[in-house]
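Colleague: First, the structure itself, so that you have it in front of you.
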Amino acid sequence: MKDMKVDVAVIGAGTAGMAAFRAARLAGASAVLIESGEFGTTCARVGCMPSKLLLAAANGLHEARSLAARGIEGTHALEVNREHALDYVRRERDHFVKSVLDEVESFPDDCIVRGQARFESPTRLMVGDDTRIEAARVVIATGAAPSVPDELKVFGDKLITSDDLFELHALPAKIAVFGAGPIALELGQALARLDVDVFVFGKGGSVAALTDAPVRDALREALADEFYFDPDAKFDAMSLEDDQPTLRFTSPGGEPRTERFDFVLAATGRAPNLKALALDKTGIALNDKGVPLFDETTMQCGDSTIFIAGDCDGTRPWLHDSADEGKLAGDNAARFPDVQAIKRKVPFSLVFCEPQVVIVGASYDDLEKQMTVTGEASFEDQGRSRVMRQNRGLLHVYADAKTGKLRGAQGCGPAMEHLGHLLAWALQLDLTLDEMLKLPFYHPVVEEGLRSALKDADMKCYEQRSETPPALASAAGG
C-alpha cells in the first residue's frame, strides 16, 4: 500500500480539475491530481472542439452550395467524402488534445495519481486498491458523462453518444438524434449539412434551453427548414429490426411514419460523474440528484473541507465557468479556513448551430414580468444579416422598466457569439439601456440588430416612465 499526505487532493483532471490543481499549487499548497481516465479534457476530446470542427466543415460546404444565389455557378457538384471528413475532425481534435497533454506532462510525476478515487472519510481517499491519500482538503472535479435514457438502449451497438460519434470510421447515411439541446442541435445540423439524412427528436417542446417562446419558435422554424425536427416527438414503437434502429412515430402534422436508421445518437444531456466517489462517507449534504450542496461564490460544500467545481456540480456546464470554478475551488482549498467569496460572472451560454443561440443573464422565467420590458429585433430584414444571407432569427433583451438596467437576453440569429459577449459585458458592468445606446455602432454590421432591440426596450421603458429617454433621442438610426 502506498500512503501519501497532501494539503489538497484534486479528483479529476479536466478543465476544472487542472485549474484547481494549478491554483492550489500557486497558493503554496502541496497538491495531487487524481485521474481515472484519459487526460485531455471533455472539451478537447469529445466536446467543444471536435463538434466545432465538424460544424466548420459542414458550414463551409453549406455556404459553398449557397453561392448559386449570388451568381456563382457549379457549386452543387461538391460532394462529401464520408471517411475523410471524420478523419479531418480527429486529426485536428488531436492537435487540441496534445496541448492539454503537454501541460499534464509538465507537472511533477509525484503530483499525478492514476486510478479511481473514493472517499473513506472526509479527509481520506483510496485510489484504486493500492494508494491511500490523506488530504487536508479535497476538490471534486470529476466532470460529467452522457446520460442515456433506458428506452434507447433497445438499439444496442447501434446506439452512440457524442463521445462515440467522432470515432466512427465514416459518416452514416441516416441517423436519428435524440435531444434538442446544444449538443443535439449542433451535431444534428452539422451532419445534415454533410449530406446525412437527419431526424432530430426532442421531448416536451424544449429547444436549446430557450424559455422565451417567440425566440424558441423562431429557432425551431429555422432548423426545421434543414432537417426533420420535432421538439415534442410522440413514438408508437422503438425497435432494432434486421440490425437497423426502427422508429414508428407520429409527425407534428399528425401523419404516422416509420423510419429506419444506421445509428441512433443519444444527445440527451450529461450527468455528473459522482457515483464512484462514495460521497456517503463524506458527511456532506447532497441534493435529490446526489450532487453536493455548495456555495457557488466559494465552491465550498457546506462548512466542510470539501470543494466542488466544473460539470460535476450540475450548474453551469460551460468551459469558461469550469475554469473559473476550478481556480476558485483550488485557491479556497489551499487557503482554508480563510475561504474567500467572489461575485460570479454573468451566466452566458451559446449554441453554435445556425442561427446561433445566446442566453445571457437572468433566466427569462425568473424575471418579474410586470417590472420588465422586452426589446425585440428581428434579423429577417436586418441589413448586414441579409448581405450574409443569414437573415433568420429573433433577439429579445430584458430590462428593468424603472431603472432601464439590462437584466438578460435570449436570441437566435447570426453572430450571436459576438452579440452575446457584448450583452454579457454590459450586464457585468451593470449598464443601463441609455448607457449602451451611447456606445458606437458601425454600419453595416449585425450589431445594429442589437441596437434595434435596445432602442425598442428603451422606448418601452420611456412609455412606462412617461419621460424622454435621452439616449434614444440621440442614438443614430440603423
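FYI, nothing fancy with the C-alpha cells labels: chains A, B, ... in order, residues from 1 per chain, ligands from 1 as they appear.
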Quick one: contact table of stretch 25-66 of chain A to stretch 171-194 of chain A, 8 Å max, nearest atom pair and distance in Å to one decimal per residue, counting only C-alpha atoms, chain and number order, as a tab-separated table?

Modeller:
```
residue	atom	partner	partner_atom	distance
A:Ser51	CA	A:Leu187	CA	6.7
A:Leu54	CA	A:Ala190	CA	6.3
A:Leu55	CA	A:Ala190	CA	4.9
A:Ala58	CA	A:Arg193	CA	5.2
A:Asn59	CA	A:Arg193	CA	6.9
A:Leu61	CA	A:Arg193	CA	7.2
A:His62	CA	A:Arg193	CA	6.0
```

Colleague: Let's see if you can do this: from backbone DSSP, list all strand (DSSP E) residues in stretch 321-410 of chain A, as a list in words.

Modeller: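 Output for stretch 321-410 of chain A, strand (DSSP E) only: Phe348, Ser349, Leu350, Val351, Gln356, Val357, Val358, Ile359, Val360, Gly361, Thr372, Val373, Thr374, Gly375, Glu376, Ala377, Ser378, Leu394, Leu395, His396, Val397, Tyr398, Ala399, Asp400, Leu406, Arg407, Gly408, Ala409 and Gln410 of chain A.
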
Colleague: Using the selection just defined, write its residues with N, CA and C atoms as a PDB file, in the first residue's frame.

Modeller:
```pdb
ATOM      1  N   PHE A 348     -23.757  32.866 -19.079  1.00  0.00           N
ATOM      2  CA  PHE A 348     -23.627  33.173 -20.504  1.00  0.00           C
ATOM      3  C   PHE A 348     -23.409  31.864 -21.251  1.00  0.00           C
ATOM      4  N   SER A 349     -24.343  31.539 -22.159  1.00  0.00           N
ATOM      5  CA  SER A 349     -24.187  30.308 -22.931  1.00  0.00           C
ATOM      6  C   SER A 349     -24.498  30.564 -24.398  1.00  0.00           C
ATOM      7  N   LEU A 350     -23.852  29.758 -25.254  1.00  0.00           N
ATOM      8  CA  LEU A 350     -24.038  29.854 -26.696  1.00  0.00           C
ATOM      9  C   LEU A 350     -24.288  28.471 -27.273  1.00  0.00           C
ATOM     10  N   VAL A 351     -25.037  28.426 -28.362  1.00  0.00           N
ATOM     11  CA  VAL A 351     -25.166  27.219 -29.178  1.00  0.00           C
ATOM     12  C   VAL A 351     -24.730  27.613 -30.583  1.00  0.00           C
ATOM     13  N   GLN A 356     -27.282  30.923 -34.682  1.00  0.00           N
ATOM     14  CA  GLN A 356     -26.683  30.699 -33.369  1.00  0.00           C
ATOM     15  C   GLN A 356     -27.646  31.125 -32.266  1.00  0.00           C
ATOM     16  N   VAL A 357     -27.415  30.584 -31.066  1.00  0.00           N
ATOM     17  CA  VAL A 357     -28.301  30.837 -29.932  1.00  0.00           C
ATOM     18  C   VAL A 357     -27.499  31.446 -28.787  1.00  0.00           C
ATOM     19  N   VAL A 358     -28.072  32.456 -28.138  1.00  0.00           N
ATOM     20  CA  VAL A 358     -27.453  33.045 -26.961  1.00  0.00           C
ATOM     21  C   VAL A 358     -28.469  33.119 -25.829  1.00  0.00           C
ATOM     22  N   ILE A 359     -28.010  32.800 -24.625  1.00  0.00           N
ATOM     23  CA  ILE A 359     -28.772  33.022 -23.397  1.00  0.00           C
ATOM     24  C   ILE A 359     -27.816  33.688 -22.425  1.00  0.00           C
ATOM     25  N   VAL A 360     -28.174  34.859 -21.941  1.00  0.00           N
ATOM     26  CA  VAL A 360     -27.259  35.598 -21.077  1.00  0.00           C
ATOM     27  C   VAL A 360     -28.034  36.279 -19.963  1.00  0.00           C
ATOM     28  N   GLY A 361     -27.453  36.273 -18.764  1.00  0.00           N
ATOM     29  CA  GLY A 361     -28.048  36.975 -17.636  1.00  0.00           C
ATOM     30  C   GLY A 361     -29.173  36.217 -16.978  1.00  0.00           C
ATOM     31  N   THR A 372     -40.600  44.246 -16.012  1.00  0.00           N
ATOM     32  CA  THR A 372     -39.605  44.017 -17.055  1.00  0.00           C
ATOM     33  C   THR A 372     -40.158  44.405 -18.413  1.00  0.00           C
ATOM     34  N   VAL A 373     -39.338  45.075 -19.204  1.00  0.00           N
ATOM     35  CA  VAL A 373     -39.694  45.337 -20.600  1.00  0.00           C
ATOM     36  C   VAL A 373     -38.836  44.435 -21.480  1.00  0.00           C
ATOM     37  N   THR A 374     -39.373  44.070 -22.630  1.00  0.00           N
ATOM     38  CA  THR A 374     -38.658  43.235 -23.587  1.00  0.00           C
ATOM     39  C   THR A 374     -38.459  44.005 -24.876  1.00  0.00           C
ATOM     40  N   GLY A 375     -37.207  44.198 -25.244  1.00  0.00           N
ATOM     41  CA  GLY A 375     -36.886  44.825 -26.522  1.00  0.00           C
ATOM     42  C   GLY A 375     -36.666  43.758 -27.574  1.00  0.00           C
ATOM     43  N   GLU A 376     -37.183  43.976 -28.769  1.00  0.00           N
ATOM     44  CA  GLU A 376     -37.160  42.934 -29.795  1.00  0.00           C
ATOM     45  C   GLU A 376     -36.493  43.436 -31.063  1.00  0.00           C
ATOM     46  N   ALA A 377     -35.745  42.522 -31.703  1.00  0.00           N
ATOM     47  CA  ALA A 377     -35.200  42.805 -33.028  1.00  0.00           C
ATOM     48  C   ALA A 377     -35.249  41.533 -33.852  1.00  0.00           C
ATOM     49  N   SER A 378     -35.845  41.626 -35.037  1.00  0.00           N
ATOM     50  CA  SER A 378     -35.851  40.521 -35.980  1.00  0.00           C
ATOM     51  C   SER A 378     -34.665  40.674 -36.931  1.00  0.00           C
ATOM     52  N   LEU A 394     -34.386  35.936 -34.112  1.00  0.00           N
ATOM     53  CA  LEU A 394     -35.065  36.920 -33.276  1.00  0.00           C
ATOM     54  C   LEU A 394     -34.253  37.122 -32.005  1.00  0.00           C
ATOM     55  N   LEU A 395     -34.078  38.381 -31.592  1.00  0.00           N
ATOM     56  CA  LEU A 395     -33.378  38.714 -30.356  1.00  0.00           C
ATOM     57  C   LEU A 395     -34.316  39.447 -29.412  1.00  0.00           C
ATOM     58  N   HIS A 396     -34.362  38.990 -28.157  1.00  0.00           N
ATOM     59  CA  HIS A 396     -35.091  39.676 -27.101  1.00  0.00           C
ATOM     60  C   HIS A 396     -34.109  40.092 -26.003  1.00  0.00           C
ATOM     61  N   VAL A 397     -34.146  41.359 -25.612  1.00  0.00           N
ATOM     62  CA  VAL A 397     -33.367  41.831 -24.467  1.00  0.00           C
ATOM     63  C   VAL A 397     -34.336  42.258 -23.378  1.00  0.00           C
ATOM     64  N   TYR A 398     -33.979  41.996 -22.139  1.00  0.00           N
ATOM     65  CA  TYR A 398     -34.850  42.277 -20.999  1.00  0.00           C
ATOM     66  C   TYR A 398     -34.216  43.356 -20.122  1.00  0.00           C
ATOM     67  N   ALA A 399     -35.035  44.324 -19.709  1.00  0.00           N
ATOM     68  CA  ALA A 399     -34.528  45.414 -18.885  1.00  0.00           C
ATOM     69  C   ALA A 399     -35.522  45.759 -17.799  1.00  0.00           C
ATOM     70  N   ASP A 400     -35.020  46.300 -16.706  1.00  0.00           N
ATOM     71  CA  ASP A 400     -35.874  46.767 -15.620  1.00  0.00           C
ATOM     72  C   ASP A 400     -36.651  47.995 -16.091  1.00  0.00           C
ATOM     73  N   LEU A 406     -30.160  46.662 -17.921  1.00  0.00           N
ATOM     74  CA  LEU A 406     -30.258  45.396 -18.629  1.00  0.00           C
ATOM     75  C   LEU A 406     -30.289  44.247 -17.629  1.00  0.00           C
ATOM     76  N   ARG A 407     -31.175  43.269 -17.864  1.00  0.00           N
ATOM     77  CA  ARG A 407     -31.301  42.127 -16.964  1.00  0.00           C
ATOM     78  C   ARG A 407     -30.869  40.820 -17.619  1.00  0.00           C
ATOM     79  N   GLY A 408     -31.051  40.725 -18.945  1.00  0.00           N
ATOM     80  CA  GLY A 408     -30.700  39.486 -19.613  1.00  0.00           C
ATOM     81  C   GLY A 408     -31.139  39.527 -21.061  1.00  0.00           C
ATOM     82  N   ALA A 409     -30.917  38.422 -21.764  1.00  0.00           N
ATOM     83  CA  ALA A 409     -31.307  38.341 -23.170  1.00  0.00           C
ATOM     84  C   ALA A 409     -31.371  36.890 -23.608  1.00  0.00           C
ATOM     85  N   GLN A 410     -32.242  36.623 -24.574  1.00  0.00           N
ATOM     86  CA  GLN A 410     -32.267  35.349 -25.279  1.00  0.00           C
ATOM     87  C   GLN A 410     -32.461  35.667 -26.754  1.00  0.00           C
TER      88      GLN A 410
END
```

Colleague: For A:Asp313, which residue among A:Val148, A:Val139, A:Ala426, A:Ala44 is the nearest when counting only C-alpha atoms?

Modeller: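 Closest candidate: A:Val139.
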
Colleague: If you run DSSP on this backbone, which residues of stretch 228-448 of chain A come out as alpha helix (DSSP H), and could you give them as an MDAnalysis selection string?

Modeller: chainID A and resid 319:335 383:387 416:428 433:437 447:448

Colleague: Atom CA of A:Pro444 and atom CA of A:Gly383 are how many Å apart?

Modeller: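 That distance, rounded to one decimal, is 6.6 Å.
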
Colleague: Please provide as a list in words all residues within 6 Å of stretch 432-435 of chain A, with the sequence filter that same-chain residues fewer than 2 positions apart are discarded (counting only C-alpha atoms).

Modeller: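 Everything that qualifies: Gly404, Lys405, Leu406, Leu437, Lys438 and Ala471 of chain A.
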